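In what follows, a single structure is set out as structure tokens and then discussed.
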Amino acid sequence: MRNFAYHRPDTIAAAIDAARAEGAQVLAGGTTMVDLMKIGVFEPDALIDITALSELEGFEVGSDRIRFGALARMAEVGDDTKLSDAAPVLTEALWKAASPQLRHAARLGGNILQQTRCPYFRDTAYSQCNKRNPGSGCAALDGGETNLHAILGGSDACVAMYPGDWAQALVAFDAEVKTQGPGGSRTIPFADLHVLPGDTPEIETILKRGELVTGISVPVIPALKASHYLKARDRESYAFASASAAVGVEMEGENVRDARIAIGGVASVPWRAREAEEFLKDGPLTEETAREAGRIAFADARPLKGSEYKIKLGADVVAGALMTAKSRTTGGE
Amino acid sequence: MAQTINTAVTRTDAPRKVTGTATYAADVIPSGMLHGALATSSIAVGTLTGIDTKRAEAEPGVIAVFTHENLPDFKTVKGFYAGGPGSASFWPMEGNEIKYAGQPIAYVVAETAAAARRGSQLIDATYEVSEANAHMDAEDSFVIGASGDSKGMVTTKGDVSKGLAEAAQTIDVEYTTPFQHHNPMEMFSATAEWNGDKLTVWMPSQSVRTLRGGIAAAYGLPETSVRVICPFVGGAFGSKAGITPYAMLTIAASKAVAAPVRLIVTRPQMFTVATFRPESIQKFRLGADATGKLTAFEHIEISQTSQFDVVTNPGTHITRAMYASPNIHTEQRVARSDTNTGGFMRAPNEMQTFFGLEQAMDELALKVGVDPVEMRRVNDTKRHPVEDVPFSSRSLMECYDAVSDSFGWDQRSPEVGSMTDGDWLVGFGCATATYPTNILASNARVRMQGSGSAYIELAAHDVGTGSYTIFAQIAAARLGLPVEACDVVMGEADLPVAPLSGGSTTAASAGSAVHDACLRIGRAVAMEVTAQSEGPLAGVDPKLITLDNGVLRGPDGKSQPLLEALASTAAGEQEAVGEFRHPALTDKLIRATFAGGYGTAGPVTPEFAMFAFGAEMVEVHVNRWTHEIRVPRLHGAFAAGTILNRKTAHSQLMGGMVWGIGSALHEVTEVDKPRARYLNTNIAEYLVPVNADVREVRVEMLDEKDDYVNPLGVKGIGELGIVGTAAAIANAVHHATGKRLRKLPIRMSDLV
């Protein structure tokens with residue numbers, strides 16, 4: 001690991017000031033940052049540890065919005081029974097992420113900014129990685145068969161997959177991200193936070209230098225109550241999703257009034273499947289329509305060798321998640 | 001005295017392990033110790049055209065950087081498969097040749113581990129890159145034995161073509177197994193300290209004597225000048241047997257910088273600097289009559305090997321021992337590719353071959369239309385099918401009967417896809433396990449004191465298996481002492497000779513030497529007390545006295561507790577060196593073991609074939625939405641002679657079965673094909689089972705008596721548990737889904 005300066009400011013203003021410096025990186029739980037520093041992928045000049053900013057801790061389950069501080073821990077949020085009652089998708093997606101140790105260390109603000117697990121990004125022995133080394137190429141495109149490449153949203157420059165779980169729930173339910181930076185505060189729709197790799201995969205979000213995520217909020221809507229996060233993975237715990245779905249439904253009689261679908265383990269960024277949602281609206285939710293919605297969600301998929309199976313797997317996972325969500329609606333099975 | 005053998009005794013070292021006071025090799029910090037770190041090659045095959053160490057040398061704390069250009073006094077040894085003690089025959093940093101990705105190219109010594117690691121990231125290397133393939137090409141395979149010829153690598157009995165022609169049903173199928181890499185909890189490490197011409201090495205090892213002998217020979221030192229110490233090992237499973245380049249580099253670096261140096265290999269480097277399970281292809285052609293009885297048995301194994309060694313772990317020698325058939329043909333083949341040399345990984349000959357064999361038997365049973373258990377029953381044999389000697393004991397079908405009862409095999413509806421549980425498809429599968437009983441020479445020294453304690457000393461190892469405990473149990477039983485009064489000292493090359501801990505041999509071979517030492521103590525004490533003028537045994541012919549669970553027994557009901565007899569002797573203390581020399585051990589084999597090698601007799605001797613057996617049954621669930629494969633129940637019944645400790649043996653067998661779940665469903669080293677480099681060199685993405693994957697695992701240990709294998713009647717159990725698991729799971733997946741998956745691991749991607 002390269003030597004670095006370490007700062008632990010005690011005000012948000014001081015943190016922003018320190019984080020805006022060239023070569024500075026923000027540190028919260030450190031579960032991704034420290035890992036990547038050890039293997040030489042990140043070599044910051046300075047780490048700005050924001051864990052002294054206690055005003056960014058905690059979370060609140062309100063009647064109109066659910067608000068999370070950026071420093072709330074994955075574990076405390078995932079364990080909250082009031083939240084799991086109001087919005088099961090939000091606790092399930094946290095529960096199924098990482099390991100208990102990691103969930104106790106990791107903070108929500110860092111979780112949504114989690115780095116890809118693409119092996120070509122993580123192993124500096126590969127000279128080609130446009131994300132790590134802009135302009136060097138992409139070794140993944142002619143590489144081995146792995147589960148770790150995006151089949152949605154990738155470009156000729158980068159097929160790195162966004163690996164997180166919770167972000168799928170946030171993007172499905174129109175979450176917003178609050179930030180503070182050198183230019184002041186702003187509120188960003190979660191769906192706009194991450195950007196597609198395009199020709200510039202090194203740019204992952206719209207956050208500006210020195211801009212801190214301070215909070216995340218989710219509007220309370222009926223579909224949140226009948227929501228579910230389904231994660232398919234080769235082992236029962238501590239594995240990234242081969243495919244996952246964050247869904248919620250609101251029924252009106254036999255028909256779907258509102259459907260929310262986001263898919264994980266398959267895309268470059270947190271991925272909302274709006275066309276699949278539209279397909280379900282105002283129609284019945286049956287196993288057949290749920291499977292069709294799953295197929296629609298993957299209509300534009302471009303798999304690499306070894307990830308072709310994810311089109312079918314992902315569709316089945318969406319369908320399975322929808323059936324569970326339906327069972328959680330009033331009058332559901 | 002209570003019986004101590006065949007009971008459940010808690011590990012004597014458990015308190016030390018759970019309180020962190022057990023001293024593992026890397027826990028030792030010699031005064032003035034510096035830290036080593038490896039830099040490794042980013043390419044797989046080619047030439048190192050330049051290596052610039054300036055940035056590394058400028059890093060604060062870095063003391064020295066060694067490359068092939070400046071590494072002084074670097075010694076090498078012959079690889080294991082070339083008859084030496086090394087993990088491979090090719091030694092990196094002797095020159096500028098690169099033969100596999102992740103090959104060491106530089107060794108950094110620094111004041112702190114962090115500085116050494118950072119230094120290793122700052123080595124700038126340039127290469128001329130050649131084409132490389134990590135995967136073998138089976139078309140280029142060849143038959144060859146370890147000795148450089150094909151002797152013993154091909155078996156032919158009868159005529160397989162004729163047997164196939166006569167069969168009612170045949171199968172001709174191929175199974176593949178992937179590269180798997182060792183990931184023991186305890187990282188690979190080496191610490192070296194020179195004191196003039198004396199060298200001490202602390203290193204986790206399955207064979208301290210192999211290390212000492214090899215290192216001493218390489219440096220031209222008498223063995224008495226080299227100490228190798230490792231009282232505890234945090235998992236070895238075959239990965240810590242040979243002398244590795246990282247060990248020799250640490251020894252050389254320590255000498256060059258004139259200070260002790262410790263190297264802890266990083267997790268990603270653990271995938272390339274030591275041995276692993278090579279990928280393999282298992283080809284089977286089987287024929288059976290209408291009752292399932294085999295008419296033909298052909299198994300060809302093609303196993304991957306490096307460009308510079310020929311790894312021959314002959315799995316066909318094990319499969320051919322399993323089932324009766326009039327016509328048998330087996331071939332052991334290898335194919336080369338651009339990796340480091342593979343080697344031993346828990347059940348090195350059996351895990352991959354039985355994944356093939358036991359699925360092939362299932363496939364054939366289905367074709368013939370007999371129950372999979374009956375398929376094994378009609379082909380069971382009390383004689384070795386090729387060598388024509390009887391098995392010293394073989395309780396395979398007793399194992400099947402026991403596990404069928406505990407598992408409820410009769411609840412299985414034979415039709416594929418006919419069982420469900422909510423959103424889950426349910427399948428039951430079974431498979432046979434076996435492991436050869438290998439026999440090695442061993443010594444052990446036991447000193448019994450009149451105060452009621454005993455010291456047991458031998459250069460064996462507790463690789464996490466419970467050896468400390470079982471040796472104490474053996475001595476306690478023989479000498480009539482409590483287990484806790486028997487203190488076992490191991491893990492040092494200077495102790496009495498004991499064999500390499502591999503191939504499930506320690507309990508049987510080294511344990512028999514402990515047993516023998518105790519009997520010798522009994523005889524020596526008997527000599528003295530019978531010569532005394534008074535006492536219960538005074539005047540008795542000492543030849544008529546036997547040691548029976550701590551009591552010296554003579555004719556006419558005369559007896560005396562050993563401890564009481566010992567206390568009455570002149571010294572009040574007795575020491576003896578015990579020996580285990582099975583009649584099947586030739587002088588050549590004994591000498592090989594004494595020289596630090598693996599001089600094994602068996603599993604087939606001129607008189608008997610010696611194997612432990614087991615049967616495993618598994619319930620598999622496959623989710624209809626996610627296609628996830630889960631294993632709610634895994635049962636095994638095993639017969640392996642005397643079970644010394646029902647607790648540690650249970651753990652061993654269960655551990656093997658759990659690893660079998662991993663082999664079946666999780667483990668695979670993924671390869672970047674164009675660059676012949678491993679992709680998932682971390683334990684987030686190199687999947688092994690977590691607790692949530694392991695639900696009900698039931699282990700039953702049958703009573704089995706075998707007087708031939710050794711005086712204790714012990715067969716090995718360390719590897720037995722893993723052998724049948726992967727095939728049983730594959731068979732259950734087929735039963736649940738109708739999909740026959742002839743490759744490992746079996747993933748949800750195979751079932752969508």
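By convention here, the chains of the structure tokens are called A, B, ... in the order presented, each chain's residues are numbered starting at 1, and ligands are numbered starting at 1 in the order presented.
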
Exercise for the section: Excluding Leu481 of chain B and residues on its chain fewer than 5 positions from it, collect all residues at most 12 Å away from it, counting only C-alpha atoms, and give them as a PyMOL selection string. Expected result: chain B and resi 1-4+448-455+472-476+486-487+518+549-551+561-564

For the contact check between chain B and chain A, emit one row per residue of chain B within 6 Å, containing the shortest atom pair and the distance in Å rounded to one decimal, counting only C-alpha atoms, chain then rising number order, as a Markdown table.
```
| residue | atom | partner | partner_atom | distance |
| --- | --- | --- | --- | --- |
| B:Ser42 | CA | A:Ala125 | CA | 4.8 |
| B:Arg118 | CA | A:Met1 | CA | 5.2 |
| B:Trp625 | CA | A:Asp316 | CA | 5.3 |
| B:Thr626 | CA | A:Ala232 | CA | 5.4 |
| B:Val671 | CA | A:Gly144 | CA | 5.6 |
| B:Asp672 | CA | A:Gly144 | CA | 4.0 |
| B:Lys673 | CA | A:Gly144 | CA | 5.4 |
| B:Leu679 | CA | A:Pro119 | CA | 5.9 |
| B:Ala692 | CA | A:Glu236 | CA | 5.7 |
| B:Asp693 | CA | A:Glu236 | CA | 5.5 |
| B:Ser749 | CA | A:Tyr309 | CA | 5.7 |
| B:Val752 | CA | A:Leu313 | CA | 5.9 |
```

What does the file look like for those residues with N, CA and C atoms, as a JSON list (two decimals), in the first residue's frame?
```
[["chain", "number", "residue", "atom", "x", "y", "z"],
["B", 42, "SER", "N", 3.57, -10.80, -14.11],
["B", 42, "SER", "CA", 2.23, -10.49, -14.63],
["B", 42, "SER", "C", 1.94, -11.31, -15.89],
["B", 118, "ARG", "N", 4.78, -2.96, -0.04],
["B", 118, "ARG", "CA", 4.77, -1.79, -0.93],
["B", 118, "ARG", "C", 5.94, -1.88, -1.92],
["B", 625, "TRP", "N", -37.13, -20.82, -9.19],
["B", 625, "TRP", "CA", -36.98, -19.44, -9.67],
["B", 625, "TRP", "C", -35.50, -19.09, -9.84],
["B", 626, "THR", "N", -34.73, -19.30, -8.80],
["B", 626, "THR", "CA", -33.34, -18.83, -8.84],
["B", 626, "THR", "C", -32.38, -19.90, -9.36],
["B", 671, "VAL", "N", -9.93, -18.94, -15.16],
["B", 671, "VAL", "CA", -8.73, -18.64, -15.93],
["B", 671, "VAL", "C", -9.03, -17.58, -16.98],
["B", 672, "ASP", "N", -8.16, -16.59, -17.06],
["B", 672, "ASP", "CA", -8.16, -15.68, -18.20],
["B", 672, "ASP", "C", -7.39, -16.40, -19.31],
["B", 673, "LYS", "N", -8.11, -16.82, -20.33],
["B", 673, "LYS", "CA", -7.48, -17.70, -21.33],
["B", 673, "LYS", "C", -6.38, -17.00, -22.13],
["B", 679, "LEU", "N", -8.09, -15.71, -12.36],
["B", 679, "LEU", "CA", -8.91, -14.51, -12.22],
["B", 679, "LEU", "C", -9.42, -14.28, -10.80],
["B", 692, "ALA", "N", -23.83, -21.17, 6.10],
["B", 692, "ALA", "CA", -25.20, -21.27, 5.62],
["B", 692, "ALA", "C", -25.38, -22.35, 4.56],
["B", 693, "ASP", "N", -24.29, -22.76, 3.92],
["B", 693, "ASP", "CA", -24.39, -23.81, 2.90],
["B", 693, "ASP", "C", -24.37, -25.20, 3.50],
["B", 749, "SER", "N", -25.81, -21.72, -13.24],
["B", 749, "SER", "CA", -25.71, -21.45, -14.68],
["B", 749, "SER", "C", -25.93, -22.72, -15.50],
["B", 752, "VAL", "N", -30.22, -23.29, -15.57],
["B", 752, "VAL", "CA", -31.27, -22.37, -16.05],
["B", 752, "VAL", "C", -31.87, -22.90, -17.36]]
```

Problem - From B:Ile29, B:Leu440, B:Ala649, B:Val525, residue lying nearest Thr600 of chain B [only C-alpha atoms] - result: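 Once distances to Thr600 of chain B are computed over only C-alpha atoms, the minimum belongs to B:Leu440.
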
Practice task
One decimal, Å: what's the distance from atom CA of Thr737 of chain B over to atom CA of Val622 of chain B, could you say?
Solution key: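 Atom CA of Val622 of chain B lies at a distance of 7.8 Å from atom CA of Thr737 of chain B.
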
Exercise for the section: Just the residues within 10 Å of Val265 of chain B, please, counting only C-alpha atoms, with nothing from its chain fewer than 2 positions along; format it as an NGL selection string. Expected result: :B and (36-38 or 187-190 or 246 or 262-263 or 267-271 or 273)

Exercise for the section: Would you please give, as a VMD selection string, all residues of segment 33-148 of chain A that DSSP assigns to alpha helix (DSSP H) based on the backbone? Expected result: chain A and resid 33 to 38 74 to 78 81 to 86 88 to 95 100 to 105 108 to 112 119 to 122

Output for the residues just chosen: N, CA, C and O atoms as a compact mmCIF listing (two decimals), in the first residue's frame:
```txt
# COMPACT_ATOMS: atom_id res chain seq x y z
N MET A 33 -12.52 0.67 0.12
CA MET A 33 -11.35 1.53 -0.07
C MET A 33 -10.06 0.88 0.40
O MET A 33 -9.06 0.85 -0.31
N VAL A 34 -10.08 0.35 1.61
CA VAL A 34 -8.84 -0.21 2.16
C VAL A 34 -8.41 -1.44 1.37
O VAL A 34 -7.23 -1.65 1.08
N ASP A 35 -9.39 -2.25 0.99
CA ASP A 35 -9.13 -3.42 0.18
C ASP A 35 -8.42 -3.03 -1.12
O ASP A 35 -7.37 -3.58 -1.48
N LEU A 36 -8.96 -2.04 -1.81
CA LEU A 36 -8.38 -1.64 -3.10
C LEU A 36 -7.04 -0.94 -2.92
O LEU A 36 -6.18 -0.99 -3.80
N MET A 37 -6.85 -0.29 -1.79
CA MET A 37 -5.53 0.32 -1.53
C MET A 37 -4.48 -0.76 -1.29
O MET A 37 -3.35 -0.67 -1.76
N LYS A 38 -4.87 -1.81 -0.58
CA LYS A 38 -3.91 -2.87 -0.30
C LYS A 38 -3.43 -3.55 -1.58
O LYS A 38 -2.27 -3.94 -1.69
N MET A 74 -24.72 -0.56 7.51
CA MET A 74 -25.57 -1.54 6.83
C MET A 74 -26.27 -2.44 7.84
O MET A 74 -27.44 -2.78 7.70
N ALA A 75 -25.55 -2.85 8.88
CA ALA A 75 -26.10 -3.83 9.82
C ALA A 75 -27.27 -3.24 10.60
O ALA A 75 -28.32 -3.87 10.74
N GLU A 76 -27.11 -2.03 11.14
CA GLU A 76 -28.18 -1.46 11.98
C GLU A 76 -29.44 -1.22 11.17
O GLU A 76 -30.56 -1.37 11.68
N VAL A 77 -29.27 -0.83 9.92
CA VAL A 77 -30.43 -0.60 9.07
C VAL A 77 -31.07 -1.92 8.66
O VAL A 77 -32.29 -2.10 8.73
N GLY A 78 -30.22 -2.85 8.28
CA GLY A 78 -30.73 -4.15 7.83
C GLY A 78 -31.46 -4.90 8.93
O GLY A 78 -32.36 -5.70 8.66
N THR A 81 -36.56 -3.72 12.51
CA THR A 81 -37.83 -4.40 12.23
C THR A 81 -38.90 -3.43 11.75
O THR A 81 -39.77 -3.79 10.97
N LYS A 82 -38.85 -2.18 12.22
CA LYS A 82 -39.82 -1.20 11.74
C LYS A 82 -39.63 -0.98 10.23
O LYS A 82 -40.58 -0.92 9.46
N LEU A 83 -38.35 -0.92 9.84
CA LEU A 83 -38.06 -0.71 8.43
C LEU A 83 -38.45 -1.95 7.62
O LEU A 83 -39.00 -1.83 6.53
N SER A 84 -38.17 -3.13 8.17
CA SER A 84 -38.48 -4.33 7.39
C SER A 84 -39.98 -4.49 7.22
O SER A 84 -40.46 -5.05 6.24
N ASP A 85 -40.74 -3.96 8.17
CA ASP A 85 -42.19 -4.01 8.06
C ASP A 85 -42.68 -3.01 7.00
O ASP A 85 -43.52 -3.33 6.18
N ALA A 86 -42.09 -1.82 7.00
CA ALA A 86 -42.54 -0.77 6.09
C ALA A 86 -42.01 -0.97 4.67
O ALA A 86 -42.68 -0.63 3.70
N PRO A 88 -39.78 -3.98 3.13
CA PRO A 88 -38.92 -5.19 3.22
C PRO A 88 -37.76 -5.19 2.22
O PRO A 88 -36.68 -5.69 2.53
N VAL A 89 -37.96 -4.62 1.05
CA VAL A 89 -36.89 -4.65 0.05
C VAL A 89 -35.63 -3.95 0.56
O VAL A 89 -34.51 -4.34 0.23
N LEU A 90 -35.82 -2.93 1.40
CA LEU A 90 -34.66 -2.17 1.87
C LEU A 90 -33.84 -2.94 2.91
O LEU A 90 -32.62 -2.79 2.98
N THR A 91 -34.51 -3.75 3.73
CA THR A 91 -33.74 -4.54 4.70
C THR A 91 -33.22 -5.82 4.07
O THR A 91 -32.10 -6.23 4.34
N GLU A 92 -34.01 -6.43 3.21
CA GLU A 92 -33.56 -7.69 2.59
C GLU A 92 -32.32 -7.48 1.74
O GLU A 92 -31.40 -8.30 1.74
N ALA A 93 -32.29 -6.37 1.01
CA ALA A 93 -31.13 -6.12 0.15
C ALA A 93 -29.87 -5.89 0.98
O ALA A 93 -28.76 -6.22 0.55
N LEU A 94 -30.04 -5.33 2.17
CA LEU A 94 -28.86 -5.17 3.04
C LEU A 94 -28.47 -6.50 3.68
O LEU A 94 -27.29 -6.84 3.77
N TRP A 95 -29.48 -7.24 4.12
CA TRP A 95 -29.23 -8.50 4.79
C TRP A 95 -28.48 -9.50 3.90
O TRP A 95 -27.68 -10.29 4.36
N PRO A 100 -21.73 -10.56 7.96
CA PRO A 100 -22.06 -9.73 9.13
C PRO A 100 -20.92 -8.77 9.49
O PRO A 100 -21.18 -7.61 9.83
N GLN A 101 -19.69 -9.23 9.40
CA GLN A 101 -18.56 -8.35 9.76
C GLN A 101 -18.52 -7.13 8.84
O GLN A 101 -18.35 -6.00 9.29
N LEU A 102 -18.68 -7.38 7.55
CA LEU A 102 -18.64 -6.26 6.61
C LEU A 102 -19.84 -5.33 6.81
O LEU A 102 -19.71 -4.11 6.75
N ARG A 103 -20.99 -5.90 7.09
CA ARG A 103 -22.18 -5.06 7.27
C ARG A 103 -22.06 -4.18 8.51
O ARG A 103 -22.61 -3.09 8.56
N HIS A 104 -21.34 -4.67 9.52
CA HIS A 104 -21.15 -3.85 10.71
C HIS A 104 -20.17 -2.71 10.44
O HIS A 104 -20.25 -1.65 11.05
N ALA A 105 -19.24 -2.92 9.54
CA ALA A 105 -18.24 -1.88 9.26
C ALA A 105 -18.73 -0.89 8.19
O ALA A 105 -18.46 0.31 8.28
N LEU A 108 -23.76 3.28 4.63
CA LEU A 108 -24.64 3.31 3.46
C LEU A 108 -24.10 4.19 2.34
O LEU A 108 -24.22 3.85 1.16
N GLY A 109 -23.51 5.33 2.72
CA GLY A 109 -22.98 6.22 1.68
C GLY A 109 -21.90 5.53 0.86
O GLY A 109 -21.83 5.67 -0.37
N GLY A 110 -21.07 4.78 1.53
CA GLY A 110 -20.03 4.03 0.83
C GLY A 110 -20.61 2.86 0.06
O GLY A 110 -20.19 2.54 -1.05
N ASN A 111 -21.63 2.23 0.65
CA ASN A 111 -22.23 1.06 0.00
C ASN A 111 -22.75 1.40 -1.39
O ASN A 111 -22.53 0.65 -2.35
N ILE A 112 -23.42 2.55 -1.52
CA ILE A 112 -23.99 2.85 -2.84
C ILE A 112 -22.90 3.20 -3.86
O ILE A 112 -23.13 3.14 -5.05
N PRO A 119 -12.43 -8.58 -12.17
CA PRO A 119 -11.07 -9.03 -11.81
C PRO A 119 -9.98 -8.27 -12.57
O PRO A 119 -8.86 -8.16 -12.08
N TYR A 120 -10.32 -7.76 -13.72
CA TYR A 120 -9.31 -7.03 -14.50
C TYR A 120 -9.07 -5.64 -13.92
O TYR A 120 -8.02 -5.05 -14.10
N PHE A 121 -10.07 -5.12 -13.25
CA PHE A 121 -9.91 -3.85 -12.55
C PHE A 121 -9.10 -4.06 -11.26
O PHE A 121 -8.24 -3.26 -10.90
N ARG A 122 -9.35 -5.18 -10.59
CA ARG A 122 -8.75 -5.41 -9.28
C ARG A 122 -7.32 -5.94 -9.33
O ARG A 122 -6.61 -5.86 -8.35
```

Problem - segment 180-378 of chain B: residues DSSP assigns to strand (DSSP E), reported as number ranges by chain - result: B: 180-181, 189-195, 198-202, 226-229, 261-264, 276-277, 280-288, 294-305, 328-336

Exercise for the section: Would you kindly return, as JSON, numbers by chain, each protein, DNA or RNA residue with an atom no farther than 7 Å from any atom of Ala256 of chain B, considering only C-alpha atoms and excluding same-chain residues fewer than 3 positions away? Expected result: {"B": [72, 252, 253]}

Restricting it to C-alpha atoms, dump the selection as a PDB file, in the first residue's frame.
```pdb
ATOM      1  CA  PRO B  72      23.229 -14.652  -3.891  1.00  0.00           C
ATOM      2  CA  ALA B 252      18.675 -17.108   0.877  1.00  0.00           C
ATOM      3  CA  ALA B 253      17.484 -13.571   1.595  1.00  0.00           C
TER       4      ALA B 253
END
```

Practice task
Within 12 Å of Ser63 of chain A, counting only C-alpha atoms, which residues show up once you throw out same-chain ones fewer than 4 positions away? Write them as a list in words, please.
Solution key: Arg67, Lys82, Leu83, Ala86, Ala87, Val218, Pro219, Val220, Ile221, Pro222, Leu224 and Lys225 of chain A

Would you mind exporting C-alpha atoms of the selected residues as a PDB file, in the first residue's frame?
```
ATOM      1  CA  ARG A  67     -34.330   8.987   5.563  1.00  0.00           C
ATOM      2  CA  LYS A  82     -39.820  -1.202  11.736  1.00  0.00           C
ATOM      3  CA  LEU A  83     -38.057  -0.712   8.429  1.00  0.00           C
ATOM      4  CA  ALA A  86     -42.539  -0.765   6.092  1.00  0.00           C
ATOM      5  CA  ALA A  87     -40.116  -1.579   3.269  1.00  0.00           C
ATOM      6  CA  VAL A 218     -36.891   6.967  -0.152  1.00  0.00           C
ATOM      7  CA  PRO A 219     -40.511   8.114  -0.622  1.00  0.00           C
ATOM      8  CA  VAL A 220     -43.074   5.888   1.045  1.00  0.00           C
ATOM      9  CA  ILE A 221     -45.443   4.495  -1.585  1.00  0.00           C
ATOM     10  CA  PRO A 222     -47.812   1.519  -1.381  1.00  0.00           C
ATOM     11  CA  LEU A 224     -42.805  -0.365  -0.861  1.00  0.00           C
ATOM     12  CA  LYS A 225     -44.836  -2.343   1.639  1.00  0.00           C
TER      13      LYS A 225
END
```
